[in-house]
Amino acid sequence: MADDTEDVELDFADDEQERARRGAVMRHPLASFFHLFFRVVAIIVYVLCDWISKNFASCFVLIITLLSFDFWSVKNVSGRLLVGLRWWNQIDEEGRSLWVFEAKKTPSGNTGTEAEERIFWLGLIVCPLIWTFFFFTSLFDLKIKWLCLVVASISLQVANLYGYLRCKSAGQDGRPPASHSFPGQHLLQRPDIIFGIL
Amino acid sequence: MAEEASRPFAGLSDVSIPEDIPVEGDISVPVGASRRDDEYSTLDEPVKETILRDLRAVGKKFIHVLYPKRSSALLRDWDLWGPLLLCVTLALLLQGGAADSDDQGGPQFAEVFVIIWFGSIVITLNSKLLGGTISFFQSLCVLGYCIMPLTVAMAVCRIVLIGGSGTVSFAVRLVVVTASFGWSTFASTAFLADSQPPNRKALVVYPVFLFYFVIGWMILTFSPSQ
């Protein structure tokens with residue numbers, strides 16, 4: 001055990017860095033950029049696909065690739081850097097599938113600022129709405145090939161939206177799990193099972 | 001006094017705890033602490049680490065398909081990157097026969113996607129309805145990764161077709177596609193059949209057989225447009 005009367009060195013340089021971080025408008029500019037980049041480019045490609053290439057396949061592949069990268073980066077990077085939320089699926093020893101939604105209880109110095117939070121949620125909510133609009137336009141135009149693409153895009157985008165909404169509600173409920181909880185933990189977890197099937 | 005000082009640990013020779021003084025303490029082994037460090041480390045790890053970790057996981061699964069053996073560790077970390085990559089590759093390779101017109105030579109691009117993903121979903125639902133213990137995404141993962149032999153067969157077929165499309169080339173393609181179809185079915189049942197009770201294994205295996213048969217058929221009947 002550390003002796004209470006030990007001399008502790010005060011490091012003023014660190015404090016200044018911390019203060020600078022806290023005052024910054026954006027702590028993770030690169031993460032914020034990539035959070036929006038893939039989604040917006042995918043929408044632009046969809047709208048301009050006739051001008052980009054006559055070939056349906058190349059548009060399809062391009063959009064699906066962009067949205068897969070977007071899915072991965074929002075799930076693994078943007079969430080934890082910008083808002084301190086994270087969700088994943090794990091299989092325990094008996095082979096049961098468990099979905100875990102995690103939220104940082106006390107936002108540490110490294111999670112995003114308010115501006116970044118707004119960017120995160122705005123990007124997360126607006127893009128699926130745009131794809132839903134595309135769903136109806138392609139449905140009414142009876143463009144079945146494009147409908148298939150739009151359905152795939154919507155499922156990728158809505159998956160992240162749903163996951164992060166669950167994380168947010170896990171953070172607000174504030175119920176620490178019965179098992180493995182240790183005092184002062186900074187993370188709230190709510191293991192959950194979606195529909196009991198997935 | 002000098003005597004006492006000269007003998008080290010003199011005062012400790014008679015250390016005994018009188019019985020009327022209760023001795024108690026708290027030994028707390030911070031087992032949680034190391035786990036907490038793990039939590040922090042993956043929550044705060046640099047992005048490059050995350051990317052490399054996922055790439056390595058995908059690579060490991062591809063190797064598992066090459067040498068299929070029952071390993072539950074493979075199923076635990078499912079991911080759908082491999083299936084997506086294989087699906088896109090297969091769909092692109094099947095594309096050359098119908099490049100310009102819509103009706104000739106080969107399946108449409110979106111058709112291949114729909115067949116593969118919808119087929120995998122139906123097989124997964126089937127195995128879940130039969131009481132399988134495997135989860136939805138794990139099953140999609142296994143079925144998707146096991147398309148790899150068929151994708152390789154498709155690449156081989158395209159190469160063979162460059163040489164011509166006579167009887168010999170057809171025979172070669174038939175052998176290649178049949179071998180890879182058998183390999184795919186064998187690899188996926190090695191992973192999937194374990195999650196079923198023994199009298200139901202055939203009920204689970206035959207849709208997988210059909211699934212890879214349809215894909216193999218698409219590959220075998222592919223003919224490049226002239």
# chains A, B, ... in the order shown; residues from 1 in each chain; ligands from 1
>>> interface_residues(of="chain B", to="chain A", cutoff="7 Å", atoms="only C-alpha atoms", output="JSON, numbers by chain")
{"B": [32, 43, 47, 76, 109, 110, 133, 134, 135, 136]}
>>> closest_residue(among="B:Trp81, B:Tyr212, B:Tyr67, B:Phe186", to="Leu55 in chain B", atoms="only C-alpha atoms")
B:Trp81
>>> atom_distance(atom1="CA of Gln108 in chain B", atom2="CA of Trp217 in chain B")
14.7 Å
>>> closest_residue(among="B:Gly163, B:Gly216, B:Gly144, B:Gly131", to="Thr178 in chain B", atoms="only C-alpha atoms")
B:Gly216
>>> residues_around(residues="Cys146 in chain B", least_positions_apart="5", cutoff="8 Å", atoms="only C-alpha atoms", output="ChimeraX atom specification")
/B:65,184-185,187-188
>>> write_last_selection(atoms="N, CA, C and O atoms", output="short mmCIF file (atom, residue, chain, number, x, y, z; two decimals), in the first residue's frame")
data_model
loop_
_atom_site.label_atom_id
_atom_site.label_comp_id
_atom_site.auth_asym_id
_atom_site.auth_seq_id
_atom_site.Cartn_x
_atom_site.Cartn_y
_atom_site.Cartn_z
N VAL B 65 -10.50 -22.43 -43.05
CA VAL B 65 -11.30 -23.06 -44.10
C VAL B 65 -10.41 -23.97 -44.93
O VAL B 65 -10.83 -25.03 -45.39
N SER B 184 -16.20 -27.31 -49.84
CA SER B 184 -17.01 -26.31 -49.14
C SER B 184 -18.02 -26.98 -48.21
O SER B 184 -18.14 -26.60 -47.04
N THR B 185 -18.71 -27.98 -48.75
CA THR B 185 -19.72 -28.63 -47.93
C THR B 185 -19.08 -29.31 -46.73
O THR B 185 -19.57 -29.20 -45.59
N ALA B 187 -16.23 -28.55 -45.26
CA ALA B 187 -15.72 -27.58 -44.30
C ALA B 187 -16.84 -26.98 -43.46
O ALA B 187 -16.71 -26.84 -42.24
N SER B 188 -17.95 -26.64 -44.11
CA SER B 188 -19.00 -25.98 -43.33
C SER B 188 -19.69 -26.97 -42.40
O SER B 188 -20.05 -26.61 -41.28
#
>>> select_by_dssp(residues="range 90-154 of chain A", states="alpha helix (DSSP H)", output="PyMOL selection string")
chain A and resi 114-140+144-154
>>> closest_residue(among="B:Gln138, B:Thr167, B:Thr89, B:Ser127", to="Pro207 in chain B", atoms="only C-alpha atoms")
B:Ser127
>>> closest_residue(among="B:Val204, B:Ala57, B:Val156, B:Ile147", to="Leu220 in chain B", atoms="only C-alpha atoms")
B:Val156
>>> decode(residues="range 78-122 of chain A", atoms="N, CA and C atoms", output="PDB file, in the first residue's frame")
ATOM      1  N   SER A  78     -15.300   5.682 -34.007  1.00  0.00           N
ATOM      2  CA  SER A  78     -16.005   6.934 -33.691  1.00  0.00           C
ATOM      3  C   SER A  78     -16.719   6.853 -32.358  1.00  0.00           C
ATOM      4  N   GLY A  79     -17.368   5.721 -32.116  1.00  0.00           N
ATOM      5  CA  GLY A  79     -18.168   5.618 -30.904  1.00  0.00           C
ATOM      6  C   GLY A  79     -17.327   5.792 -29.661  1.00  0.00           C
ATOM      7  N   ARG A  80     -16.218   5.066 -29.598  1.00  0.00           N
ATOM      8  CA  ARG A  80     -15.474   5.149 -28.344  1.00  0.00           C
ATOM      9  C   ARG A  80     -14.679   6.435 -28.227  1.00  0.00           C
ATOM     10  N   LEU A  81     -14.267   7.012 -29.372  1.00  0.00           N
ATOM     11  CA  LEU A  81     -13.497   8.239 -29.271  1.00  0.00           C
ATOM     12  C   LEU A  81     -14.366   9.470 -29.080  1.00  0.00           C
ATOM     13  N   LEU A  82     -15.513   9.503 -29.767  1.00  0.00           N
ATOM     14  CA  LEU A  82     -16.286  10.735 -29.753  1.00  0.00           C
ATOM     15  C   LEU A  82     -17.275  10.789 -28.585  1.00  0.00           C
ATOM     16  N   VAL A  83     -17.887   9.654 -28.253  1.00  0.00           N
ATOM     17  CA  VAL A  83     -18.900   9.719 -27.201  1.00  0.00           C
ATOM     18  C   VAL A  83     -18.676   8.687 -26.100  1.00  0.00           C
ATOM     19  N   GLY A  84     -17.603   7.913 -26.184  1.00  0.00           N
ATOM     20  CA  GLY A  84     -17.338   6.965 -25.109  1.00  0.00           C
ATOM     21  C   GLY A  84     -18.341   5.832 -25.017  1.00  0.00           C
ATOM     22  N   LEU A  85     -18.916   5.420 -26.142  1.00  0.00           N
ATOM     23  CA  LEU A  85     -19.864   4.317 -26.162  1.00  0.00           C
ATOM     24  C   LEU A  85     -19.282   3.185 -26.998  1.00  0.00           C
ATOM     25  N   ARG A  86     -19.698   1.962 -26.661  1.00  0.00           N
ATOM     26  CA  ARG A  86     -19.182   0.843 -27.436  1.00  0.00           C
ATOM     27  C   ARG A  86     -20.159  -0.311 -27.327  1.00  0.00           C
ATOM     28  N   TRP A  87     -20.311  -1.056 -28.396  1.00  0.00           N
ATOM     29  CA  TRP A  87     -21.184  -2.238 -28.329  1.00  0.00           C
ATOM     30  C   TRP A  87     -20.568  -3.351 -29.143  1.00  0.00           C
ATOM     31  N   TRP A  88     -20.804  -4.579 -28.681  1.00  0.00           N
ATOM     32  CA  TRP A  88     -20.278  -5.714 -29.427  1.00  0.00           C
ATOM     33  C   TRP A  88     -21.036  -6.979 -29.067  1.00  0.00           C
ATOM     34  N   ASN A  89     -20.649  -8.026 -29.758  1.00  0.00           N
ATOM     35  CA  ASN A  89     -21.279  -9.317 -29.529  1.00  0.00           C
ATOM     36  C   ASN A  89     -20.197 -10.285 -29.097  1.00  0.00           C
ATOM     37  N   GLN A  90     -20.472 -11.036 -28.065  1.00  0.00           N
ATOM     38  CA  GLN A  90     -19.497 -12.045 -27.694  1.00  0.00           C
ATOM     39  C   GLN A  90     -20.192 -13.373 -27.445  1.00  0.00           C
ATOM     40  N   ILE A  91     -19.441 -14.422 -27.702  1.00  0.00           N
ATOM     41  CA  ILE A  91     -19.965 -15.773 -27.528  1.00  0.00           C
ATOM     42  C   ILE A  91     -19.285 -16.337 -26.295  1.00  0.00           C
ATOM     43  N   ASP A  92     -20.085 -16.788 -25.320  1.00  0.00           N
ATOM     44  CA  ASP A  92     -19.450 -17.304 -24.120  1.00  0.00           C
ATOM     45  C   ASP A  92     -19.126 -18.788 -24.319  1.00  0.00           C
ATOM     46  N   GLU A  93     -18.628 -19.408 -23.241  1.00  0.00           N
ATOM     47  CA  GLU A  93     -18.119 -20.765 -23.392  1.00  0.00           C
ATOM     48  C   GLU A  93     -19.188 -21.753 -23.801  1.00  0.00           C
ATOM     49  N   GLU A  94     -20.438 -21.510 -23.377  1.00  0.00           N
ATOM     50  CA  GLU A  94     -21.472 -22.466 -23.770  1.00  0.00           C
ATOM     51  C   GLU A  94     -21.976 -22.225 -25.182  1.00  0.00           C
ATOM     52  N   GLY A  95     -21.412 -21.237 -25.855  1.00  0.00           N
ATOM     53  CA  GLY A  95     -21.843 -20.972 -27.220  1.00  0.00           C
ATOM     54  C   GLY A  95     -23.030 -20.049 -27.301  1.00  0.00           C
ATOM     55  N   ARG A  96     -23.407 -19.424 -26.168  1.00  0.00           N
ATOM     56  CA  ARG A  96     -24.527 -18.504 -26.211  1.00  0.00           C
ATOM     57  C   ARG A  96     -24.037 -17.145 -26.686  1.00  0.00           C
ATOM     58  N   SER A  97     -24.876 -16.496 -27.471  1.00  0.00           N
ATOM     59  CA  SER A  97     -24.491 -15.204 -28.015  1.00  0.00           C
ATOM     60  C   SER A  97     -24.997 -14.100 -27.099  1.00  0.00           C
ATOM     61  N   LEU A  98     -24.095 -13.169 -26.774  1.00  0.00           N
ATOM     62  CA  LEU A  98     -24.420 -12.124 -25.814  1.00  0.00           C
ATOM     63  C   LEU A  98     -24.078 -10.780 -26.433  1.00  0.00           C
ATOM     64  N   TRP A  99     -25.012  -9.831 -26.397  1.00  0.00           N
ATOM     65  CA  TRP A  99     -24.737  -8.502 -26.917  1.00  0.00           C
ATOM     66  C   TRP A  99     -24.450  -7.593 -25.733  1.00  0.00           C
ATOM     67  N   VAL A 100     -23.335  -6.886 -25.797  1.00  0.00           N
ATOM     68  CA  VAL A 100     -22.953  -6.041 -24.677  1.00  0.00           C
ATOM     69  C   VAL A 100     -22.932  -4.594 -25.132  1.00  0.00           C
ATOM     70  N   PHE A 101     -23.571  -3.731 -24.339  1.00  0.00           N
ATOM     71  CA  PHE A 101     -23.603  -2.302 -24.648  1.00  0.00           C
ATOM     72  C   PHE A 101     -22.940  -1.550 -23.513  1.00  0.00           C
ATOM     73  N   GLU A 102     -21.961  -0.747 -23.861  1.00  0.00           N
ATOM     74  CA  GLU A 102     -21.102  -0.159 -22.856  1.00  0.00           C
ATOM     75  C   GLU A 102     -21.100   1.352 -22.968  1.00  0.00           C
ATOM     76  N   ALA A 103     -21.105   2.022 -21.811  1.00  0.00           N
ATOM     77  CA  ALA A 103     -21.050   3.485 -21.840  1.00  0.00           C
ATOM     78  C   ALA A 103     -20.095   3.945 -20.770  1.00  0.00           C
ATOM     79  N   LYS A 104     -19.275   4.914 -21.063  1.00  0.00           N
ATOM     80  CA  LYS A 104     -18.371   5.459 -20.056  1.00  0.00           C
ATOM     81  C   LYS A 104     -19.191   6.274 -19.082  1.00  0.00           C
ATOM     82  N   LYS A 105     -19.059   5.920 -17.812  1.00  0.00           N
ATOM     83  CA  LYS A 105     -19.875   6.599 -16.808  1.00  0.00           C
ATOM     84  C   LYS A 105     -19.438   8.032 -16.629  1.00  0.00           C
ATOM     85  N   THR A 106     -18.144   8.207 -16.322  1.00  0.00           N
ATOM     86  CA  THR A 106     -17.665   9.583 -16.187  1.00  0.00           C
ATOM     87  C   THR A 106     -16.813   9.867 -17.402  1.00  0.00           C
ATOM     88  N   PRO A 107     -17.228  10.774 -18.239  1.00  0.00           N
ATOM     89  CA  PRO A 107     -16.444  11.021 -19.456  1.00  0.00           C
ATOM     90  C   PRO A 107     -15.034  11.462 -19.102  1.00  0.00           C
ATOM     91  N   SER A 108     -14.073  10.680 -19.514  1.00  0.00           N
ATOM     92  CA  SER A 108     -12.686  11.008 -19.197  1.00  0.00           C
ATOM     93  C   SER A 108     -12.240  12.158 -20.080  1.00  0.00           C
ATOM     94  N   GLY A 109     -11.004  12.573 -19.872  1.00  0.00           N
ATOM     95  CA  GLY A 109     -10.530  13.726 -20.623  1.00  0.00           C
ATOM     96  C   GLY A 109     -10.426  13.482 -22.112  1.00  0.00           C
ATOM     97  N   ASN A 110     -10.561  12.219 -22.494  1.00  0.00           N
ATOM     98  CA  ASN A 110     -10.264  11.917 -23.887  1.00  0.00           C
ATOM     99  C   ASN A 110     -11.493  11.780 -24.781  1.00  0.00           C
ATOM    100  N   THR A 111     -12.691  11.722 -24.180  1.00  0.00           N
ATOM    101  CA  THR A 111     -13.855  11.599 -25.061  1.00  0.00           C
ATOM    102  C   THR A 111     -14.161  12.946 -25.692  1.00  0.00           C
ATOM    103  N   GLY A 112     -14.995  12.902 -26.696  1.00  0.00           N
ATOM    104  CA  GLY A 112     -15.201  14.073 -27.547  1.00  0.00           C
ATOM    105  C   GLY A 112     -15.842  15.254 -26.842  1.00  0.00           C
ATOM    106  N   THR A 113     -15.695  16.393 -27.461  1.00  0.00           N
ATOM    107  CA  THR A 113     -16.340  17.600 -26.954  1.00  0.00           C
ATOM    108  C   THR A 113     -17.799  17.605 -27.379  1.00  0.00           C
ATOM    109  N   GLU A 114     -18.497  18.668 -26.972  1.00  0.00           N
ATOM    110  CA  GLU A 114     -19.917  18.744 -27.313  1.00  0.00           C
ATOM    111  C   GLU A 114     -20.129  18.815 -28.800  1.00  0.00           C
ATOM    112  N   ALA A 115     -19.248  19.571 -29.477  1.00  0.00           N
ATOM    113  CA  ALA A 115     -19.380  19.693 -30.927  1.00  0.00           C
ATOM    114  C   ALA A 115     -19.243  18.318 -31.579  1.00  0.00           C
ATOM    115  N   GLU A 116     -18.279  17.535 -31.102  1.00  0.00           N
ATOM    116  CA  GLU A 116     -18.066  16.219 -31.697  1.00  0.00           C
ATOM    117  C   GLU A 116     -19.227  15.290 -31.418  1.00  0.00           C
ATOM    118  N   GLU A 117     -19.786  15.430 -30.219  1.00  0.00           N
ATOM    119  CA  GLU A 117     -20.952  14.607 -29.897  1.00  0.00           C
ATOM    120  C   GLU A 117     -22.091  14.915 -30.840  1.00  0.00           C
ATOM    121  N   ARG A 118     -22.291  16.199 -31.100  1.00  0.00           N
ATOM    122  CA  ARG A 118     -23.378  16.584 -31.992  1.00  0.00           C
ATOM    123  C   ARG A 118     -23.127  16.032 -33.386  1.00  0.00           C
ATOM    124  N   ILE A 119     -21.867  16.126 -33.838  1.00  0.00           N
ATOM    125  CA  ILE A 119     -21.530  15.588 -35.163  1.00  0.00           C
ATOM    126  C   ILE A 119     -21.838  14.092 -35.199  1.00  0.00           C
ATOM    127  N   PHE A 120     -21.449  13.415 -34.129  1.00  0.00           N
ATOM    128  CA  PHE A 120     -21.650  11.964 -34.084  1.00  0.00           C
ATOM    129  C   PHE A 120     -23.115  11.596 -34.238  1.00  0.00           C
ATOM    130  N   TRP A 121     -23.958  12.182 -33.367  1.00  0.00           N
ATOM    131  CA  TRP A 121     -25.365  11.780 -33.401  1.00  0.00           C
ATOM    132  C   TRP A 121     -26.059  12.249 -34.663  1.00  0.00           C
ATOM    133  N   LEU A 122     -25.680  13.443 -35.141  1.00  0.00           N
ATOM    134  CA  LEU A 122     -26.287  13.940 -36.367  1.00  0.00           C
ATOM    135  C   LEU A 122     -25.996  12.998 -37.525  1.00  0.00           C
TER     136      LEU A 122
END
